[in-house]
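Asks: I'm passing along model_39.pdb; it holds PDB, C-alpha atoms, pLDDT in the B column.
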ATOM      1  CA  MET A 483     -36.215 207.584 120.190  1.00 40.00           C
ATOM      2  CA  THR A 484     -37.534 205.966 123.339  1.00 46.00           C
ATOM      3  CA  SER A 485     -40.881 206.806 124.818  1.00 47.00           C
ATOM      4  CA  PRO A 486     -41.410 207.165 128.593  1.00 46.00           C
ATOM      5  CA  VAL A 487     -43.058 203.735 128.589  1.00 47.00           C
ATOM      6  CA  THR A 488     -40.053 202.107 126.863  1.00 50.00           C
ATOM      7  CA  ARG A 489     -37.602 203.787 129.239  1.00 49.00           C
ATOM      8  CA  SER A 490     -39.597 202.793 132.307  1.00 51.00           C
ATOM      9  CA  LEU A 491     -39.570 199.170 131.149  1.00 61.00           C
ATOM     10  CA  SER A 492     -35.806 199.006 130.805  1.00 88.00           C
ATOM     11  CA  ALA A 493     -35.263 198.046 134.463  1.00 92.00           C
ATOM     12  CA  PRO A 494     -37.863 195.219 134.437  1.00 94.00           C
ATOM     13  CA  ARG A 495     -36.534 193.985 131.102  1.00 93.00           C
ATOM     14  CA  ILE A 496     -32.932 194.016 132.347  1.00 94.00           C
ATOM     15  CA  LEU A 497     -33.897 192.074 135.489  1.00 96.00           C
ATOM     16  CA  ALA A 498     -35.831 189.528 133.443  1.00 96.00           C
ATOM     17  CA  VAL A 499     -32.992 189.139 130.920  1.00 96.00           C
ATOM     18  CA  LEU A 500     -30.556 188.419 133.776  1.00 97.00           C
ATOM     19  CA  VAL A 501     -32.894 185.757 135.164  1.00 98.00           C
ATOM     20  CA  ALA A 502     -33.396 184.342 131.655  1.00 98.00           C
ATOM     21  CA  LEU A 503     -29.649 183.970 131.127  1.00 98.00           C
ATOM     22  CA  VAL A 504     -29.258 182.156 134.450  1.00 98.00           C
ATOM     23  CA  THR A 505     -32.237 179.975 133.523  1.00 98.00           C
ATOM     24  CA  VAL A 506     -30.786 179.084 130.106  1.00 98.00           C
ATOM     25  CA  PHE A 507     -27.309 178.228 131.364  1.00 98.00           C
ATOM     26  CA  GLY A 508     -27.643 177.498 135.104  1.00 97.00           C
ATOM     27  CA  ALA A 509     -28.921 173.924 135.157  1.00 97.00           C
ATOM     28  CA  LEU A 510     -26.773 172.936 132.174  1.00 98.00           C
ATOM     29  CA  LEU A 511     -23.625 174.210 133.852  1.00 97.00           C
ATOM     30  CA  ALA A 512     -24.417 173.056 137.380  1.00 96.00           C
ATOM     31  CA  ASP A 513     -25.844 169.625 136.571  1.00 96.00           C
ATOM     32  CA  PHE A 514     -23.774 168.626 133.528  1.00 97.00           C
ATOM     33  CA  VAL A 515     -20.682 170.788 132.925  1.00 98.00           C
ATOM     34  CA  VAL A 516     -19.075 171.992 136.182  1.00 96.00           C
ATOM     35  CA  PRO A 517     -17.321 168.881 137.531  1.00 95.00           C
ATOM     36  CA  GLU A 518     -17.960 169.442 141.265  1.00 92.00           C
ATOM     37  CA  SER A 519     -21.701 169.955 140.966  1.00 92.00           C
ATOM     38  CA  ALA A 520     -22.190 167.699 137.906  1.00 94.00           C
ATOM     39  CA  GLY A 521     -20.716 164.887 140.000  1.00 95.00           C
ATOM     40  CA  GLN A 522     -23.746 165.250 142.255  1.00 94.00           C
ATOM     41  CA  HIS A 523     -26.142 165.122 139.292  1.00 94.00           C
ATOM     42  CA  LEU A 524     -25.779 163.641 135.791  1.00 96.00           C
ATOM     43  CA  HIS A 525     -22.228 162.393 136.426  1.00 96.00           C
ATOM     44  CA  ASN A 526     -23.201 160.782 139.733  1.00 95.00           C
ATOM     45  CA  ASP A 527     -22.654 157.025 139.305  1.00 95.00           C
ATOM     46  CA  ALA A 528     -25.041 156.336 142.197  1.00 94.00           C
ATOM     47  CA  TRP A 529     -27.958 157.851 140.310  1.00 95.00           C
ATOM     48  CA  PRO A 530     -30.150 155.393 138.421  1.00 95.00           C
ATOM     49  CA  PRO A 531     -30.719 156.092 134.720  1.00 97.00           C
ATOM     50  CA  HIS A 532     -34.286 157.278 135.309  1.00 97.00           C
ATOM     51  CA  ALA A 533     -33.131 159.930 137.812  1.00 95.00           C
ATOM     52  CA  LYS A 534     -30.576 161.112 135.254  1.00 97.00           C
ATOM     53  CA  PHE A 535     -33.335 161.208 132.640  1.00 98.00           C
ATOM     54  CA  HIS A 536     -35.408 163.554 134.805  1.00 96.00           C
ATOM     55  CA  ASP A 537     -32.431 165.788 135.518  1.00 96.00           C
ATOM     56  CA  ALA A 538     -31.694 165.968 131.793  1.00 98.00           C
ATOM     57  CA  GLN A 539     -35.370 166.771 131.229  1.00 98.00           C
ATOM     58  CA  TYR A 540     -35.097 169.646 133.734  1.00 97.00           C
ATOM     59  CA  ILE A 541     -31.949 170.957 132.030  1.00 98.00           C
ATOM     60  CA  VAL A 542     -33.590 170.976 128.583  1.00 98.00           C
ATOM     61  CA  MET A 543     -36.824 172.459 129.979  1.00 98.00           C
ATOM     62  CA  SER A 544     -34.862 175.269 131.644  1.00 98.00           C
ATOM     63  CA  ILE A 545     -33.001 176.023 128.418  1.00 98.00           C
ATOM     64  CA  LEU A 546     -36.253 176.084 126.430  1.00 98.00           C
ATOM     65  CA  LEU A 547     -38.158 178.230 128.942  1.00 98.00           C
ATOM     66  CA  GLY A 548     -35.236 180.656 129.210  1.00 98.00           C
ATOM     67  CA  ALA A 549     -34.960 180.875 125.422  1.00 98.00           C
ATOM     68  CA  VAL A 550     -38.702 181.537 125.005  1.00 98.00           C
ATOM     69  CA  ALA A 551     -38.509 184.271 127.650  1.00 97.00           C
ATOM     70  CA  LEU A 552     -35.422 185.815 126.030  1.00 96.00           C
ATOM     71  CA  THR A 553     -37.225 185.873 122.691  1.00 95.00           C
ATOM     72  CA  LEU A 554     -40.129 187.757 124.274  1.00 95.00           C
ATOM     73  CA  LEU A 555     -37.768 190.160 126.029  1.00 94.00           C
ATOM     74  CA  VAL A 556     -35.708 191.160 122.999  1.00 91.00           C
ATOM     75  CA  GLN A 557     -38.610 191.708 120.600  1.00 86.00           C
ATOM     76  CA  ARG A 558     -39.454 195.265 119.608  1.00 80.00           C
ATOM     77  CA  GLY A 559     -42.898 196.694 119.028  1.00 72.00           C
ATOM     78  CA  GLY A 560     -46.262 196.878 120.744  1.00 60.00           C
ATOM     79  CA  GLY A 561     -47.376 195.082 123.858  1.00 63.00           C
ATOM     80  CA  THR A 562     -44.021 195.424 125.570  1.00 81.00           C
ATOM     81  CA  ARG A 563     -45.346 195.387 129.127  1.00 87.00           C
ATOM     82  CA  SER A 564     -47.376 192.251 128.540  1.00 90.00           C
ATOM     83  CA  ARG A 565     -44.399 190.510 126.910  1.00 93.00           C
ATOM     84  CA  VAL A 566     -42.134 191.317 129.860  1.00 93.00           C
ATOM     85  CA  TRP A 567     -44.815 190.167 132.303  1.00 94.00           C
ATOM     86  CA  THR A 568     -45.299 186.940 130.307  1.00 96.00           C
ATOM     87  CA  ALA A 569     -41.533 186.376 130.196  1.00 97.00           C
ATOM     88  CA  CYS A 570     -41.382 186.783 133.984  1.00 97.00           C
ATOM     89  CA  ALA A 571     -44.169 184.235 134.430  1.00 98.00           C
ATOM     90  CA  ILE A 572     -42.387 181.769 132.143  1.00 98.00           C
ATOM     91  CA  LEU A 573     -39.088 182.296 133.959  1.00 98.00           C
ATOM     92  CA  ALA A 574     -40.677 181.742 137.360  1.00 98.00           C
ATOM     93  CA  ALA A 575     -41.827 178.226 136.371  1.00 98.00           C
ATOM     94  CA  PRO A 576     -38.544 176.277 136.715  1.00 97.00           C
ATOM     95  CA  TRP A 577     -37.525 178.126 139.897  1.00 98.00           C
ATOM     96  CA  LEU A 578     -40.913 177.637 141.547  1.00 98.00           C
ATOM     97  CA  GLY A 579     -40.684 174.008 140.415  1.00 96.00           C
ATOM     98  CA  LEU A 580     -37.309 173.659 142.127  1.00 96.00           C
ATOM     99  CA  LEU A 581     -38.683 175.013 145.412  1.00 97.00           C
ATOM    100  CA  SER A 582     -41.926 173.034 145.177  1.00 97.00           C
ATOM    101  CA  ALA A 583     -40.096 169.762 144.489  1.00 96.00           C
ATOM    102  CA  MET A 584     -38.865 169.787 148.088  1.00 95.00           C
ATOM    103  CA  LEU A 585     -42.475 169.318 149.236  1.00 97.00           C
ATOM    104  CA  PHE A 586     -42.791 165.863 147.682  1.00 97.00           C
ATOM    105  CA  PRO A 587     -42.351 162.852 149.994  1.00 97.00           C
ATOM    106  CA  GLY A 588     -38.827 161.444 149.885  1.00 94.00           C
ATOM    107  CA  ALA A 589     -37.450 164.352 147.844  1.00 93.00           C
ATOM    108  CA  ALA A 590     -34.374 166.247 149.026  1.00 91.00           C
ATOM    109  CA  VAL A 591     -32.452 169.176 147.649  1.00 91.00           C
ATOM    110  CA  GLN A 592     -29.254 167.088 147.739  1.00 89.00           C
ATOM    111  CA  ASP A 593     -28.229 163.481 148.160  1.00 89.00           C
ATOM    112  CA  PRO A 594     -27.081 162.521 151.681  1.00 87.00           C
ATOM    113  CA  GLU A 595     -23.543 161.592 150.605  1.00 89.00           C
ATOM    114  CA  PHE A 596     -22.811 165.224 149.690  1.00 89.00           C
ATOM    115  CA  ASP A 597     -22.271 168.056 152.107  1.00 85.00           C
ATOM    116  CA  ASN A 598     -22.885 171.303 150.271  1.00 81.00           C
ATOM    117  CA  PRO A 599     -22.222 174.365 152.389  1.00 85.00           C
ATOM    118  CA  SER A 600     -25.256 176.441 153.177  1.00 90.00           C
ATOM    119  CA  ILE A 601     -25.357 180.159 152.530  1.00 93.00           C
ATOM    120  CA  VAL A 602     -27.409 182.134 155.060  1.00 94.00           C
ATOM    121  CA  GLY A 603     -28.824 178.783 156.142  1.00 91.00           C
ATOM    122  CA  LEU A 604     -29.979 177.764 152.649  1.00 93.00           C
ATOM    123  CA  HIS A 605     -28.732 175.247 150.113  1.00 92.00           C
ATOM    124  CA  PRO A 606     -27.117 177.212 147.232  1.00 92.00           C
ATOM    125  CA  GLN A 607     -29.823 176.084 144.756  1.00 93.00           C
ATOM    126  CA  VAL A 608     -32.583 177.217 147.092  1.00 95.00           C
ATOM    127  CA  LEU A 609     -30.874 180.558 147.665  1.00 96.00           C
ATOM    128  CA  LEU A 610     -30.419 181.050 143.911  1.00 97.00           C
ATOM    129  CA  ALA A 611     -34.084 180.264 143.283  1.00 98.00           C
ATOM    130  CA  ALA A 612     -35.140 182.735 145.994  1.00 98.00           C
ATOM    131  CA  ILE A 613     -32.905 185.467 144.555  1.00 98.00           C
ATOM    132  CA  LEU A 614     -34.100 184.939 140.986  1.00 98.00           C
ATOM    133  CA  LEU A 615     -37.764 184.823 142.014  1.00 98.00           C
ATOM    134  CA  THR A 616     -37.236 188.048 143.971  1.00 98.00           C
ATOM    135  CA  LEU A 617     -35.738 189.710 140.875  1.00 98.00           C
ATOM    136  CA  LEU A 618     -38.759 188.587 138.847  1.00 98.00           C
ATOM    137  CA  LEU A 619     -41.120 189.918 141.508  1.00 98.00           C
ATOM    138  CA  VAL A 620     -39.338 193.282 141.454  1.00 97.00           C
ATOM    139  CA  ALA A 621     -39.621 193.367 137.655  1.00 96.00           C
ATOM    140  CA  VAL A 622     -43.363 192.628 137.817  1.00 95.00           C
ATOM    141  CA  LEU A 623     -43.891 195.260 140.521  1.00 95.00           C
ATOM    142  CA  LEU A 624     -42.048 197.841 138.407  1.00 93.00           C
ATOM    143  CA  ILE A 625     -44.273 196.960 135.448  1.00 90.00           C
ATOM    144  CA  ALA A 626     -47.385 197.290 137.617  1.00 90.00           C
ATOM    145  CA  ARG A 627     -46.209 200.670 138.904  1.00 89.00           C
ATOM    146  CA  THR A 628     -45.626 201.849 135.346  1.00 79.00           C
ATOM    147  CA  GLU A 629     -49.120 200.702 134.343  1.00 74.00           C
ATOM    148  CA  ARG A 630     -50.689 202.610 137.255  1.00 78.00           C
ATOM    149  CA  GLN A 631     -48.850 205.772 136.211  1.00 80.00           C
ATOM    150  CA  HIS A 632     -50.275 205.655 132.684  1.00 69.00           C
TER     151      HIS A 632
END
As structure tokens - that is how I would like this structure written.
Replies:
Amino acid sequence: MTSPVTRSLSAPRILAVLVALVTVFGALLADFVVPESAGQHLHNDAWPPHAKFHDAQYIVMSILLGAVALTLLVQRGGGTRSRVWTACAILAAPWLGLLSAMLFPGAAVQDPEFDNPSIVGLHPQVLLAAILLTLLLVAVLLIARTERQH
């Protein structure tokens, strides 16, 4: 039987689980598996080995952070709100890192030899990060609303 608190957390948990799944698989697929986008990343012959190392590091970090968050999200028992909030904070890290990386001198969201189409004026990775961070924000706001009601 679910309590009102458990039911009210289902929407935040579902949002966070969706973001966690994208976090676990997104960088791996985009940067290593899918030929078109992997050719701009780990399979890009123009990239020096150290750049590939850092991309691989980001892929593994995203998988690990997503897996930790998923573990928190699927656990049963006490402290559910705090676990969902913690999972959201963990999941925000790689996406905030992606957006923040553009602030570093000489960094760019894509290499100049590639022409990725923009969606609503944004590079697809930037748009994805904005969408996922928005979903996490909605989840956190729903948790906060639930806490105020109790």
Asks: How many Å lie between atom CA of Cys570 of chain A and atom CA of Leu618 of chain A, rounded to one decimal?
Replies: 5.8 Å
Asks: With segment 539-557 of chain A as the partner and 12 Å as the cut-off, tabulate the residues of segment 508-527 of chain A that qualify, each row holding the nearest pair of atoms and their distance in Å to one decimal, using all atoms listed in the file, sorted by chain and rising number, as a Markdown table.
Replies:
| residue | atom | partner | partner_atom | distance |
| --- | --- | --- | --- | --- |
| A:Gly508 | CA | A:Ser544 | CA | 8.3 |
| A:Ala509 | CA | A:Ile541 | CA | 5.3 |
| A:Leu510 | CA | A:Ile541 | CA | 5.5 |
| A:Leu511 | CA | A:Ile541 | CA | 9.1 |
| A:Ala512 | CA | A:Ile541 | CA | 9.5 |
| A:Asp513 | CA | A:Ile541 | CA | 7.7 |
| A:Phe514 | CA | A:Ile541 | CA | 8.6 |
| A:Val515 | CA | A:Ile541 | CA | 11.3 |
| A:Ala520 | CA | A:Ile541 | CA | 11.8 |
| A:His523 | CA | A:Ile541 | CA | 11.0 |
| A:Leu524 | CA | A:Ile541 | CA | 10.3 |
Asks: Going by the chain IDs and residue numbers used in this file, which residues fall under the PyMOL selection byres ((chain A and resi 498) around 12)? Write them as a PyMOL selection string.
Replies: chain A and resi 491-497+499-505+548-556+563+565-574+614-622+624-625
Asks: What does the structure give for the distance between atom CA of Leu581 of chain A and atom CA of Val608 of chain A, in Å to one decimal?
Replies: 6.7 Å
Asks: Residues within 12 Å of Pro606 of chain A, please, as a PyMOL selection string. Count only C-alpha atoms; anything in the same chain fewer than 2 positions from it doesn't count.
Replies: chain A and resi 512+519+580-581+591-592+597-604+608-613
Asks: What does the structure give for the distance between atom CA of Asp537 of chain A and atom CA of Val516 of chain A, in Å to one decimal?
Replies: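 Here the two named atoms are 14.7 Å from each other.
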Asks: I'd like the box whose edges run along x, y and z of the file and which contains every listed atom of segment 546-563 of chain A, padded by 6 Å per side; could you state its centre and edge lengths in Å, one decimal, as JSON?
Replies:
{"center_x": -41.2, "center_y": 186.5, "center_z": 124.1, "size_x": 24.4, "size_y": 32.8, "size_z": 22.2}
Asks: Excluding Ala590 of chain A and any residue of its chain fewer than 5 positions from it, enumerate the residues within 12 Å of it, using all atoms listed in the file, and give them as number ranges by chain.
Replies: A: 580-585, 595-596, 605, 607-608
Asks: Put those residues in a file: C-alpha atoms, as a tab-separated table (two decimals), in the frame of the given file.
Replies:
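What landed in part_21.tsv:
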chain	number	residue	atom	x	y	z
A	580	LEU	CA	-37.31	173.66	142.13
A	581	LEU	CA	-38.68	175.01	145.41
A	582	SER	CA	-41.93	173.03	145.18
A	583	ALA	CA	-40.10	169.76	144.49
A	584	MET	CA	-38.86	169.79	148.09
A	585	LEU	CA	-42.48	169.32	149.24
A	595	GLU	CA	-23.54	161.59	150.60
A	596	PHE	CA	-22.81	165.22	149.69
A	605	HIS	CA	-28.73	175.25	150.11
A	607	GLN	CA	-29.82	176.08	144.76
A	608	VAL	CA	-32.58	177.22	147.09
